[in-house]
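Q: Input file: input.txt. Contents: compact mmCIF, N, CA and C atoms.
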# COMPACT_ATOMS: atom_id res chain seq x y z
N GLN A 4 -11.44 -15.62 -3.82
CA GLN A 4 -11.00 -14.37 -4.39
C GLN A 4 -10.65 -13.40 -3.28
N VAL A 5 -9.54 -12.70 -3.45
CA VAL A 5 -9.09 -11.75 -2.44
C VAL A 5 -10.00 -10.53 -2.43
N GLN A 6 -10.38 -10.11 -1.24
CA GLN A 6 -11.15 -8.88 -1.07
C GLN A 6 -10.41 -7.99 -0.08
N LEU A 7 -10.28 -6.73 -0.45
CA LEU A 7 -9.49 -5.79 0.35
C LEU A 7 -10.33 -4.58 0.71
N VAL A 8 -10.27 -4.18 1.98
CA VAL A 8 -11.04 -3.03 2.45
C VAL A 8 -10.12 -2.10 3.23
N GLU A 9 -9.93 -0.89 2.68
CA GLU A 9 -9.06 0.10 3.31
C GLU A 9 -9.84 0.96 4.30
N SER A 10 -9.10 1.49 5.28
CA SER A 10 -9.67 2.45 6.23
C SER A 10 -8.53 3.27 6.81
N GLY A 11 -8.88 4.34 7.52
CA GLY A 11 -7.88 5.13 8.21
C GLY A 11 -7.52 6.45 7.56
N GLY A 12 -8.06 6.70 6.38
CA GLY A 12 -7.77 7.98 5.72
C GLY A 12 -8.40 9.14 6.47
N GLY A 13 -8.03 10.34 6.06
CA GLY A 13 -8.60 11.52 6.70
C GLY A 13 -7.85 12.76 6.28
N SER A 14 -8.13 13.83 7.00
CA SER A 14 -7.50 15.12 6.73
C SER A 14 -6.58 15.49 7.88
N VAL A 15 -5.34 15.84 7.54
CA VAL A 15 -4.36 16.25 8.55
C VAL A 15 -3.59 17.45 8.04
N GLN A 16 -2.93 18.11 8.96
CA GLN A 16 -2.07 19.23 8.58
C GLN A 16 -0.68 18.70 8.24
N SER A 17 0.04 19.50 7.49
CA SER A 17 1.41 19.15 7.12
C SER A 17 2.22 18.83 8.37
N GLY A 18 2.98 17.75 8.32
CA GLY A 18 3.75 17.30 9.46
C GLY A 18 3.04 16.28 10.33
N GLY A 19 1.77 16.08 10.06
CA GLY A 19 0.98 15.14 10.85
C GLY A 19 1.18 13.70 10.44
N SER A 20 0.42 12.82 11.09
CA SER A 20 0.55 11.38 10.85
C SER A 20 -0.81 10.73 10.67
N LEU A 21 -0.82 9.64 9.93
CA LEU A 21 -2.00 8.81 9.78
C LEU A 21 -1.54 7.36 9.66
N ARG A 22 -2.43 6.45 10.04
CA ARG A 22 -2.17 5.03 9.81
C ARG A 22 -3.33 4.44 9.02
N LEU A 23 -3.00 3.94 7.86
CA LEU A 23 -3.98 3.27 7.02
C LEU A 23 -4.00 1.78 7.31
N SER A 24 -5.18 1.20 7.20
CA SER A 24 -5.33 -0.25 7.38
C SER A 24 -6.00 -0.85 6.15
N CYS A 25 -5.65 -2.07 5.87
CA CYS A 25 -6.26 -2.80 4.76
C CYS A 25 -6.60 -4.20 5.26
N ALA A 26 -7.88 -4.44 5.42
CA ALA A 26 -8.33 -5.75 5.89
C ALA A 26 -8.57 -6.67 4.70
N GLN A 27 -7.96 -7.82 4.77
CA GLN A 27 -8.11 -8.81 3.70
C GLN A 27 -9.18 -9.79 4.14
N THR A 28 -10.38 -9.68 3.56
CA THR A 28 -11.50 -10.47 4.05
C THR A 28 -11.59 -11.84 3.41
N ALA A 29 -10.81 -12.04 2.37
CA ALA A 29 -10.75 -13.36 1.75
C ALA A 29 -9.33 -13.55 1.25
N TYR A 30 -8.91 -14.76 1.07
CA TYR A 30 -7.52 -15.02 0.72
C TYR A 30 -7.43 -16.07 -0.37
N THR A 31 -6.53 -15.85 -1.30
CA THR A 31 -6.23 -16.83 -2.33
C THR A 31 -4.77 -17.23 -2.18
N TYR A 32 -4.52 -18.52 -2.15
CA TYR A 32 -3.16 -19.01 -1.93
C TYR A 32 -2.19 -18.42 -2.94
N GLY A 33 -1.07 -17.93 -2.41
CA GLY A 33 -0.04 -17.36 -3.26
C GLY A 33 -0.11 -15.86 -3.42
N MET A 34 -1.26 -15.28 -3.07
CA MET A 34 -1.41 -13.83 -3.23
C MET A 34 -0.82 -13.16 -1.98
N ASP A 35 0.50 -13.25 -1.86
CA ASP A 35 1.16 -12.74 -0.67
C ASP A 35 1.99 -11.49 -0.92
N GLN A 36 1.93 -10.96 -2.10
CA GLN A 36 2.60 -9.70 -2.39
C GLN A 36 1.58 -8.60 -2.15
N MET A 37 1.83 -7.77 -1.15
CA MET A 37 0.89 -6.73 -0.76
C MET A 37 1.52 -5.37 -0.96
N ALA A 38 0.70 -4.37 -1.24
CA ALA A 38 1.26 -3.05 -1.50
C ALA A 38 0.24 -1.96 -1.28
N TRP A 39 0.75 -0.77 -1.12
CA TRP A 39 -0.05 0.44 -1.08
C TRP A 39 0.31 1.29 -2.30
N PHE A 40 -0.72 1.78 -2.95
CA PHE A 40 -0.57 2.71 -4.07
C PHE A 40 -1.34 3.98 -3.74
N ARG A 41 -1.08 5.02 -4.50
CA ARG A 41 -1.87 6.24 -4.35
C ARG A 41 -2.07 6.89 -5.71
N GLN A 42 -3.14 7.64 -5.79
CA GLN A 42 -3.44 8.35 -7.03
C GLN A 42 -4.03 9.70 -6.71
N ALA A 43 -3.32 10.74 -7.15
CA ALA A 43 -3.79 12.10 -6.98
C ALA A 43 -4.58 12.50 -8.22
N PRO A 44 -5.47 13.47 -8.11
CA PRO A 44 -6.27 13.90 -9.26
C PRO A 44 -5.39 14.30 -10.44
N GLY A 45 -5.68 13.75 -11.60
CA GLY A 45 -4.94 14.09 -12.80
C GLY A 45 -3.60 13.40 -12.94
N LYS A 46 -3.27 12.51 -12.00
CA LYS A 46 -1.98 11.82 -12.04
C LYS A 46 -2.19 10.31 -12.13
N GLU A 47 -1.15 9.62 -12.56
CA GLU A 47 -1.21 8.17 -12.63
C GLU A 47 -1.09 7.57 -11.23
N ARG A 48 -1.62 6.35 -11.11
CA ARG A 48 -1.49 5.64 -9.85
C ARG A 48 -0.02 5.24 -9.67
N GLU A 49 0.52 5.48 -8.47
CA GLU A 49 1.91 5.18 -8.21
C GLU A 49 2.08 4.31 -6.98
N GLY A 50 3.07 3.45 -7.02
CA GLY A 50 3.36 2.60 -5.89
C GLY A 50 4.03 3.39 -4.77
N VAL A 51 3.62 3.14 -3.55
CA VAL A 51 4.15 3.84 -2.39
C VAL A 51 5.04 2.91 -1.58
N ALA A 52 4.50 1.73 -1.26
CA ALA A 52 5.24 0.76 -0.45
C ALA A 52 4.70 -0.62 -0.74
N ALA A 53 5.56 -1.62 -0.64
CA ALA A 53 5.16 -3.00 -0.88
C ALA A 53 5.82 -3.91 0.14
N LEU A 54 5.13 -5.02 0.40
CA LEU A 54 5.62 -6.01 1.35
C LEU A 54 5.51 -7.38 0.69
N ALA A 55 6.65 -8.01 0.50
CA ALA A 55 6.68 -9.31 -0.17
C ALA A 55 6.34 -10.43 0.80
N GLY A 56 6.02 -11.57 0.24
CA GLY A 56 5.69 -12.72 1.05
C GLY A 56 6.82 -13.20 1.94
N ASP A 57 8.07 -12.87 1.55
CA ASP A 57 9.23 -13.25 2.37
C ASP A 57 9.63 -12.15 3.34
N GLY A 58 8.82 -11.10 3.42
CA GLY A 58 9.06 -10.05 4.40
C GLY A 58 9.85 -8.86 3.90
N ILE A 59 10.34 -8.92 2.68
CA ILE A 59 11.10 -7.80 2.13
C ILE A 59 10.15 -6.62 1.90
N LYS A 60 10.63 -5.44 2.26
CA LYS A 60 9.83 -4.22 2.10
C LYS A 60 10.44 -3.33 1.03
N TYR A 61 9.57 -2.70 0.28
CA TYR A 61 9.99 -1.80 -0.79
C TYR A 61 9.30 -0.46 -0.59
N TYR A 62 10.02 0.62 -0.86
CA TYR A 62 9.45 1.95 -0.71
C TYR A 62 9.80 2.82 -1.91
N ALA A 63 8.87 3.69 -2.26
CA ALA A 63 9.17 4.72 -3.23
C ALA A 63 10.11 5.73 -2.58
N ASP A 64 10.98 6.31 -3.38
CA ASP A 64 11.94 7.28 -2.84
C ASP A 64 11.24 8.44 -2.14
N SER A 65 10.07 8.81 -2.64
CA SER A 65 9.37 9.97 -2.09
C SER A 65 8.85 9.76 -0.68
N VAL A 66 8.79 8.50 -0.22
CA VAL A 66 8.24 8.24 1.12
C VAL A 66 9.23 7.56 2.05
N LYS A 67 10.40 7.23 1.56
CA LYS A 67 11.41 6.57 2.40
C LYS A 67 11.72 7.40 3.63
N GLY A 68 11.73 6.72 4.77
CA GLY A 68 12.02 7.41 6.02
C GLY A 68 10.80 8.04 6.67
N ARG A 69 9.70 8.11 5.92
CA ARG A 69 8.48 8.71 6.47
C ARG A 69 7.35 7.70 6.60
N PHE A 70 7.27 6.76 5.67
CA PHE A 70 6.19 5.76 5.66
C PHE A 70 6.77 4.40 6.03
N THR A 71 5.94 3.61 6.70
CA THR A 71 6.33 2.25 7.06
C THR A 71 5.19 1.28 6.75
N ILE A 72 5.50 0.25 5.99
CA ILE A 72 4.50 -0.78 5.69
C ILE A 72 4.70 -1.96 6.63
N SER A 73 3.60 -2.53 7.09
CA SER A 73 3.69 -3.68 7.98
C SER A 73 2.43 -4.53 7.81
N GLN A 74 2.46 -5.70 8.43
CA GLN A 74 1.33 -6.60 8.27
C GLN A 74 1.15 -7.42 9.53
N ASP A 75 -0.09 -7.60 9.91
CA ASP A 75 -0.45 -8.52 10.98
C ASP A 75 -1.06 -9.73 10.27
N ARG A 76 -0.26 -10.78 10.09
CA ARG A 76 -0.72 -11.92 9.31
C ARG A 76 -1.89 -12.64 9.97
N ALA A 77 -1.89 -12.66 11.29
CA ALA A 77 -2.98 -13.34 12.00
C ALA A 77 -4.32 -12.65 11.73
N LYS A 78 -4.27 -11.32 11.64
CA LYS A 78 -5.48 -10.55 11.39
C LYS A 78 -5.70 -10.31 9.90
N ARG A 79 -4.73 -10.76 9.08
CA ARG A 79 -4.80 -10.51 7.64
C ARG A 79 -5.03 -9.03 7.35
N THR A 80 -4.26 -8.21 8.03
CA THR A 80 -4.40 -6.76 7.87
C THR A 80 -3.06 -6.15 7.53
N LEU A 81 -3.07 -5.32 6.52
CA LEU A 81 -1.89 -4.58 6.06
C LEU A 81 -2.01 -3.15 6.57
N TYR A 82 -0.88 -2.58 6.97
CA TYR A 82 -0.88 -1.22 7.50
C TYR A 82 0.10 -0.34 6.71
N LEU A 83 -0.17 0.95 6.74
CA LEU A 83 0.77 1.94 6.24
C LEU A 83 0.81 3.07 7.25
N GLU A 84 1.91 3.14 7.99
CA GLU A 84 2.11 4.22 8.95
C GLU A 84 2.74 5.38 8.19
N MET A 85 2.08 6.53 8.22
CA MET A 85 2.56 7.68 7.47
C MET A 85 2.87 8.82 8.43
N ASN A 86 4.11 9.25 8.46
CA ASN A 86 4.56 10.33 9.32
C ASN A 86 5.10 11.48 8.48
N SER A 87 5.24 12.64 9.10
CA SER A 87 5.78 13.82 8.43
C SER A 87 5.07 14.05 7.10
N LEU A 88 3.76 13.98 7.13
CA LEU A 88 2.98 14.11 5.90
C LEU A 88 3.13 15.48 5.28
N LYS A 89 3.11 15.50 3.94
CA LYS A 89 3.26 16.71 3.17
C LYS A 89 2.03 16.89 2.28
N PRO A 90 1.76 18.10 1.84
CA PRO A 90 0.63 18.30 0.91
C PRO A 90 0.73 17.42 -0.33
N ASP A 91 1.95 17.13 -0.78
CA ASP A 91 2.14 16.27 -1.96
C ASP A 91 1.71 14.83 -1.71
N ASP A 92 1.48 14.46 -0.47
CA ASP A 92 1.00 13.12 -0.15
C ASP A 92 -0.50 12.99 -0.32
N THR A 93 -1.16 14.09 -0.59
CA THR A 93 -2.61 14.08 -0.78
C THR A 93 -2.98 13.22 -1.98
N ALA A 94 -3.83 12.23 -1.74
CA ALA A 94 -4.23 11.30 -2.80
C ALA A 94 -5.23 10.29 -2.25
N MET A 95 -5.81 9.51 -3.16
CA MET A 95 -6.57 8.34 -2.77
C MET A 95 -5.56 7.21 -2.63
N TYR A 96 -5.60 6.52 -1.51
CA TYR A 96 -4.66 5.44 -1.26
C TYR A 96 -5.36 4.09 -1.41
N TYR A 97 -4.71 3.20 -2.15
CA TYR A 97 -5.28 1.89 -2.44
C TYR A 97 -4.38 0.78 -1.92
N CYS A 98 -5.02 -0.25 -1.44
CA CYS A 98 -4.34 -1.47 -1.05
C CYS A 98 -4.44 -2.45 -2.22
N ALA A 99 -3.39 -3.24 -2.43
CA ALA A 99 -3.40 -4.19 -3.55
C ALA A 99 -2.73 -5.49 -3.16
N ALA A 100 -3.14 -6.56 -3.81
CA ALA A 100 -2.55 -7.88 -3.57
C ALA A 100 -2.23 -8.54 -4.90
N GLY A 101 -1.09 -9.23 -4.92
CA GLY A 101 -0.69 -9.91 -6.14
C GLY A 101 0.06 -11.18 -5.84
N GLN A 102 0.43 -11.88 -6.90
CA GLN A 102 1.17 -13.13 -6.77
C GLN A 102 2.58 -12.85 -6.30
N TRP A 103 3.00 -13.51 -5.25
CA TRP A 103 4.35 -13.29 -4.73
C TRP A 103 5.39 -13.98 -5.60
N ARG A 104 6.44 -13.23 -5.90
CA ARG A 104 7.62 -13.78 -6.55
C ARG A 104 8.75 -12.82 -6.25
N ARG A 105 9.95 -13.23 -6.54
CA ARG A 105 11.09 -12.33 -6.32
C ARG A 105 10.98 -11.15 -7.30
N MET A 106 11.12 -9.94 -6.74
CA MET A 106 10.94 -8.74 -7.56
C MET A 106 12.00 -7.71 -7.26
N THR A 107 12.20 -6.83 -8.21
CA THR A 107 12.99 -5.63 -7.94
C THR A 107 12.05 -4.60 -7.31
N THR A 108 12.62 -3.51 -6.84
CA THR A 108 11.78 -2.46 -6.26
C THR A 108 10.83 -1.90 -7.30
N VAL A 109 11.33 -1.70 -8.51
CA VAL A 109 10.49 -1.16 -9.58
C VAL A 109 9.30 -2.08 -9.84
N GLN A 110 9.56 -3.37 -9.90
CA GLN A 110 8.47 -4.34 -10.13
C GLN A 110 7.48 -4.35 -8.97
N ALA A 111 8.01 -4.32 -7.75
CA ALA A 111 7.15 -4.41 -6.57
C ALA A 111 6.21 -3.21 -6.45
N LEU A 112 6.59 -2.10 -7.07
CA LEU A 112 5.76 -0.89 -6.99
C LEU A 112 5.04 -0.60 -8.31
N ALA A 113 4.94 -1.62 -9.15
CA ALA A 113 4.28 -1.45 -10.44
C ALA A 113 2.82 -1.91 -10.38
N VAL A 114 1.94 -1.12 -10.95
CA VAL A 114 0.51 -1.41 -10.92
C VAL A 114 0.21 -2.79 -11.52
N ASN A 115 0.89 -3.13 -12.61
CA ASN A 115 0.55 -4.36 -13.33
C ASN A 115 0.97 -5.64 -12.61
N GLU A 116 1.64 -5.53 -11.47
CA GLU A 116 2.02 -6.71 -10.70
C GLU A 116 0.90 -7.16 -9.77
N TYR A 117 -0.17 -6.38 -9.66
CA TYR A 117 -1.21 -6.62 -8.67
C TYR A 117 -2.55 -6.90 -9.33
N LYS A 118 -3.20 -7.93 -8.83
CA LYS A 118 -4.45 -8.38 -9.43
C LYS A 118 -5.67 -7.88 -8.68
N TYR A 119 -5.56 -7.74 -7.36
CA TYR A 119 -6.72 -7.37 -6.56
C TYR A 119 -6.50 -6.00 -5.92
N TRP A 120 -7.57 -5.23 -5.90
CA TRP A 120 -7.49 -3.85 -5.41
C TRP A 120 -8.66 -3.55 -4.49
N GLY A 121 -8.40 -2.69 -3.49
CA GLY A 121 -9.46 -2.18 -2.66
C GLY A 121 -10.09 -0.96 -3.30
N GLN A 122 -11.06 -0.39 -2.61
CA GLN A 122 -11.79 0.76 -3.14
C GLN A 122 -11.10 2.08 -2.85
N GLY A 123 -10.16 2.08 -1.93
CA GLY A 123 -9.39 3.28 -1.65
C GLY A 123 -9.86 4.04 -0.42
N THR A 124 -8.96 4.81 0.14
CA THR A 124 -9.28 5.70 1.26
C THR A 124 -8.54 7.01 1.03
N GLN A 125 -9.26 8.12 1.22
CA GLN A 125 -8.72 9.44 0.87
C GLN A 125 -7.83 9.99 1.99
N VAL A 126 -6.68 10.49 1.59
CA VAL A 126 -5.77 11.19 2.50
C VAL A 126 -5.59 12.61 1.98
N THR A 127 -5.85 13.59 2.83
CA THR A 127 -5.70 14.99 2.45
C THR A 127 -4.80 15.67 3.46
N VAL A 128 -3.73 16.27 2.97
CA VAL A 128 -2.77 16.96 3.82
C VAL A 128 -2.78 18.44 3.47
N SER A 129 -3.09 19.27 4.43
CA SER A 129 -3.15 20.71 4.20
C SER A 129 -1.89 21.38 4.73
N SER A 130 -1.53 22.46 4.06
CA SER A 130 -0.31 23.18 4.45
C SER A 130 -0.58 24.19 5.55
In structure tokens, write the structure found in this file.
A:
Amino acid sequence: QVQLVESGGGSVQSGGSLRLSCAQTAYTYGMDQMAWFRQAPGKEREGVAALAGDGIKYYADSVKGRFTISQDRAKRTLYLEMNSLKPDDTAMYYCAAGQWRRMTTVQALAVNEYKYWGQGTQVTVSS
């Protein structure tokens, strides 16, 4: 069973940067669709960025050009580099893993495509 542990969250000022990490401590064959989601208080969980098993990357429009998803397969660690952070980026950020298949961007950033979730790491951006 896949186990995911996020780290790297914190508090930064607007315009700052953070790098989130997600360590995959166990692996299930085929669970190669990885993604970052976030959830702000009172809002639904939303997809931020996804990385498919074939290397294709997907981004939400709100983070394009500012966030970068990457993976170190040898270390089984997923990253989210976040630059030019805004107060609207404040949320709990979650790492997720799901079954890899060909997807559209909408599918790749959909909650129901992912079976395994981490506990989350808080990101707070102050103005």
Q: Apply DSSP to the backbone of this structure and, from stretch 48-116 of chain A, keep only the residues in helix (DSSP H, G or I); write these as JSON, numbers by chain.
A: {"A": [90, 91, 92, 108, 109, 110, 111, 114, 115, 116]}
Q: Kindly export the residues of the current selection with N, CA and C atoms, as a PDB file, in the coordinates of the input.
A:
ATOM      1  N   PRO A  90       1.760  18.100   1.840  1.00  0.00           N
ATOM      2  CA  PRO A  90       0.630  18.300   0.910  1.00  0.00           C
ATOM      3  C   PRO A  90       0.730  17.420  -0.330  1.00  0.00           C
ATOM      4  N   ASP A  91       1.950  17.130  -0.780  1.00  0.00           N
ATOM      5  CA  ASP A  91       2.140  16.270  -1.960  1.00  0.00           C
ATOM      6  C   ASP A  91       1.710  14.830  -1.710  1.00  0.00           C
ATOM      7  N   ASP A  92       1.480  14.460  -0.470  1.00  0.00           N
ATOM      8  CA  ASP A  92       1.000  13.120  -0.150  1.00  0.00           C
ATOM      9  C   ASP A  92      -0.500  12.990  -0.320  1.00  0.00           C
ATOM     10  N   THR A 108      12.620  -3.510  -6.840  1.00  0.00           N
ATOM     11  CA  THR A 108      11.780  -2.460  -6.260  1.00  0.00           C
ATOM     12  C   THR A 108      10.830  -1.900  -7.300  1.00  0.00           C
ATOM     13  N   VAL A 109      11.330  -1.700  -8.510  1.00  0.00           N
ATOM     14  CA  VAL A 109      10.490  -1.160  -9.580  1.00  0.00           C
ATOM     15  C   VAL A 109       9.300  -2.080  -9.840  1.00  0.00           C
ATOM     16  N   GLN A 110       9.560  -3.370  -9.900  1.00  0.00           N
ATOM     17  CA  GLN A 110       8.470  -4.340 -10.130  1.00  0.00           C
ATOM     18  C   GLN A 110       7.480  -4.350  -8.970  1.00  0.00           C
ATOM     19  N   ALA A 111       8.010  -4.320  -7.750  1.00  0.00           N
ATOM     20  CA  ALA A 111       7.150  -4.410  -6.570  1.00  0.00           C
ATOM     21  C   ALA A 111       6.210  -3.210  -6.450  1.00  0.00           C
ATOM     22  N   VAL A 114       1.940  -1.120 -10.950  1.00  0.00           N
ATOM     23  CA  VAL A 114       0.510  -1.410 -10.920  1.00  0.00           C
ATOM     24  C   VAL A 114       0.210  -2.790 -11.520  1.00  0.00           C
ATOM     25  N   ASN A 115       0.890  -3.130 -12.610  1.00  0.00           N
ATOM     26  CA  ASN A 115       0.550  -4.360 -13.330  1.00  0.00           C
ATOM     27  C   ASN A 115       0.970  -5.640 -12.610  1.00  0.00           C
ATOM     28  N   GLU A 116       1.640  -5.530 -11.470  1.00  0.00           N
ATOM     29  CA  GLU A 116       2.020  -6.710 -10.700  1.00  0.00           C
ATOM     30  C   GLU A 116       0.900  -7.160  -9.770  1.00  0.00           C
TER      31      GLU A 116
END
Q: Identify which of the residues A:Ala113, A:Met85, A:Ala77, A:Val5 lies closest to A:Arg22, counting all atoms listed in the file when measuring atom-to-atom distances.
A: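 Nearest candidate to A:Arg22 out of A:Ala113, A:Met85, A:Ala77, A:Val5: A:Met85.
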Q: Determine the nearest neighbour of A:Gln4 from the options A:Tyr62, A:Tyr119, A:Met37, A:Gln16, counting all atoms listed in the file.
A: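 Closest to A:Gln4, using all atoms listed in the file: A:Tyr119.
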Q: Between A:Ala111, A:Val66, A:Tyr97, A:Gln6, which is the closest to A:Arg79 once you count only C-alpha atoms?
A: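 Among the listed residues, the smallest separation from A:Arg79 belongs to A:Gln6.
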Q: Tell me, as a PyMOL selection string, which residues lie within 6.5 Å of A:Gln27, counting all atoms listed in the file; anything in the same chain fewer than 4 positions away does not count.
A: chain A and resi 6-8+78-81
Q: Go ahead and write the residues just picked, N, CA and C atoms, as a tab-separated table (two decimals), keeping the file's coordinate frame.
A:
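Final output, again-v8.tsv:
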chain	number	residue	atom	x	y	z
A	6	GLN	N	-10.38	-10.11	-1.24
A	6	GLN	CA	-11.15	-8.88	-1.07
A	6	GLN	C	-10.41	-7.99	-0.08
A	7	LEU	N	-10.28	-6.73	-0.45
A	7	LEU	CA	-9.49	-5.79	0.35
A	7	LEU	C	-10.33	-4.58	0.71
A	8	VAL	N	-10.27	-4.18	1.98
A	8	VAL	CA	-11.04	-3.03	2.45
A	8	VAL	C	-10.12	-2.10	3.23
A	78	LYS	N	-4.27	-11.32	11.64
A	78	LYS	CA	-5.48	-10.55	11.39
A	78	LYS	C	-5.70	-10.31	9.90
A	79	ARG	N	-4.73	-10.76	9.08
A	79	ARG	CA	-4.80	-10.51	7.64
A	79	ARG	C	-5.03	-9.03	7.35
A	80	THR	N	-4.26	-8.21	8.03
A	80	THR	CA	-4.40	-6.76	7.87
A	80	THR	C	-3.06	-6.15	7.53
A	81	LEU	N	-3.07	-5.32	6.52
A	81	LEU	CA	-1.89	-4.58	6.06
A	81	LEU	C	-2.01	-3.15	6.57
Q: Atom N of A:Tyr30 to atom CA of A:Glu47: how many Å, to one decimal?
A: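 If I compute the distance from atom N of A:Tyr30 to atom CA of A:Glu47, I get 27.8 Å.
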Q: Which residues, written as a PDB file with N, CA and C atoms, in the frame of the given file, have at least one atom at most 6 Å from A:Trp120, with only N, CA and C atoms counted and residues fewer than 4 positions away on the same chain left out?
A:
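The resulting file, out-v5.pdb, is shown below:
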ATOM      1  N   LEU A   7     -10.280  -6.730  -0.450  1.00  0.00           N
ATOM      2  CA  LEU A   7      -9.490  -5.790   0.350  1.00  0.00           C
ATOM      3  C   LEU A   7     -10.330  -4.580   0.710  1.00  0.00           C
ATOM      4  N   CYS A  98      -5.020  -0.250  -1.440  1.00  0.00           N
ATOM      5  CA  CYS A  98      -4.340  -1.470  -1.050  1.00  0.00           C
ATOM      6  C   CYS A  98      -4.440  -2.450  -2.220  1.00  0.00           C
ATOM      7  N   ALA A  99      -3.390  -3.240  -2.430  1.00  0.00           N
ATOM      8  CA  ALA A  99      -3.400  -4.190  -3.550  1.00  0.00           C
ATOM      9  C   ALA A  99      -2.730  -5.490  -3.160  1.00  0.00           C
ATOM     10  N   ALA A 100      -3.140  -6.560  -3.810  1.00  0.00           N
ATOM     11  CA  ALA A 100      -2.550  -7.880  -3.570  1.00  0.00           C
ATOM     12  C   ALA A 100      -2.230  -8.540  -4.900  1.00  0.00           C
TER      13      ALA A 100
END
Q: Counting only C-alpha atoms, write as a list of chain:residue names all protein and nucleic acid residues lying at most 9 Å from (6.6, 5.9, -5.7) in the file's frame.
A: A:Phe40, A:Arg41, A:Glu49, A:Gly50, A:Val51, A:Ala52, A:Tyr62, A:Ala63, A:Asp64, A:Ser65, A:Val66, A:Val109, A:Leu112
Q: Could you please fill out stretch 4-16 of chain A with N, CA, C and O atoms and send it back as a compact mmCIF listing (two decimals), in the frame of the given file?
A:
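Output saved as result.txt:
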# COMPACT_ATOMS: atom_id res chain seq x y z
N GLN A 4 -11.44 -15.62 -3.82
CA GLN A 4 -11.00 -14.37 -4.39
C GLN A 4 -10.65 -13.40 -3.28
O GLN A 4 -11.38 -13.28 -2.31
N VAL A 5 -9.54 -12.70 -3.45
CA VAL A 5 -9.09 -11.75 -2.44
C VAL A 5 -10.00 -10.53 -2.43
O VAL A 5 -10.32 -9.97 -3.47
N GLN A 6 -10.38 -10.11 -1.24
CA GLN A 6 -11.15 -8.88 -1.07
C GLN A 6 -10.41 -7.99 -0.08
O GLN A 6 -10.00 -8.44 0.98
N LEU A 7 -10.28 -6.73 -0.45
CA LEU A 7 -9.49 -5.79 0.35
C LEU A 7 -10.33 -4.58 0.71
O LEU A 7 -11.01 -4.00 -0.15
N VAL A 8 -10.27 -4.18 1.98
CA VAL A 8 -11.04 -3.03 2.45
C VAL A 8 -10.12 -2.10 3.23
O VAL A 8 -9.60 -2.46 4.29
N GLU A 9 -9.93 -0.89 2.68
CA GLU A 9 -9.06 0.10 3.31
C GLU A 9 -9.84 0.96 4.30
O GLU A 9 -11.04 1.18 4.15
N SER A 10 -9.10 1.49 5.28
CA SER A 10 -9.67 2.45 6.23
C SER A 10 -8.53 3.27 6.81
O SER A 10 -7.35 2.95 6.61
N GLY A 11 -8.88 4.34 7.52
CA GLY A 11 -7.88 5.13 8.21
C GLY A 11 -7.52 6.45 7.56
O GLY A 11 -6.74 7.22 8.10
N GLY A 12 -8.06 6.70 6.38
CA GLY A 12 -7.77 7.98 5.72
C GLY A 12 -8.40 9.14 6.47
O GLY A 12 -9.20 8.96 7.39
N GLY A 13 -8.03 10.34 6.06
CA GLY A 13 -8.60 11.52 6.70
C GLY A 13 -7.85 12.76 6.28
O GLY A 13 -7.05 12.75 5.35
N SER A 14 -8.13 13.83 7.00
CA SER A 14 -7.50 15.12 6.73
C SER A 14 -6.58 15.49 7.88
O SER A 14 -6.99 15.45 9.03
N VAL A 15 -5.34 15.84 7.54
CA VAL A 15 -4.36 16.25 8.55
C VAL A 15 -3.59 17.45 8.04
O VAL A 15 -3.57 17.73 6.85
N GLN A 16 -2.93 18.11 8.96
CA GLN A 16 -2.07 19.23 8.58
C GLN A 16 -0.68 18.70 8.24
O GLN A 16 -0.27 17.61 8.65
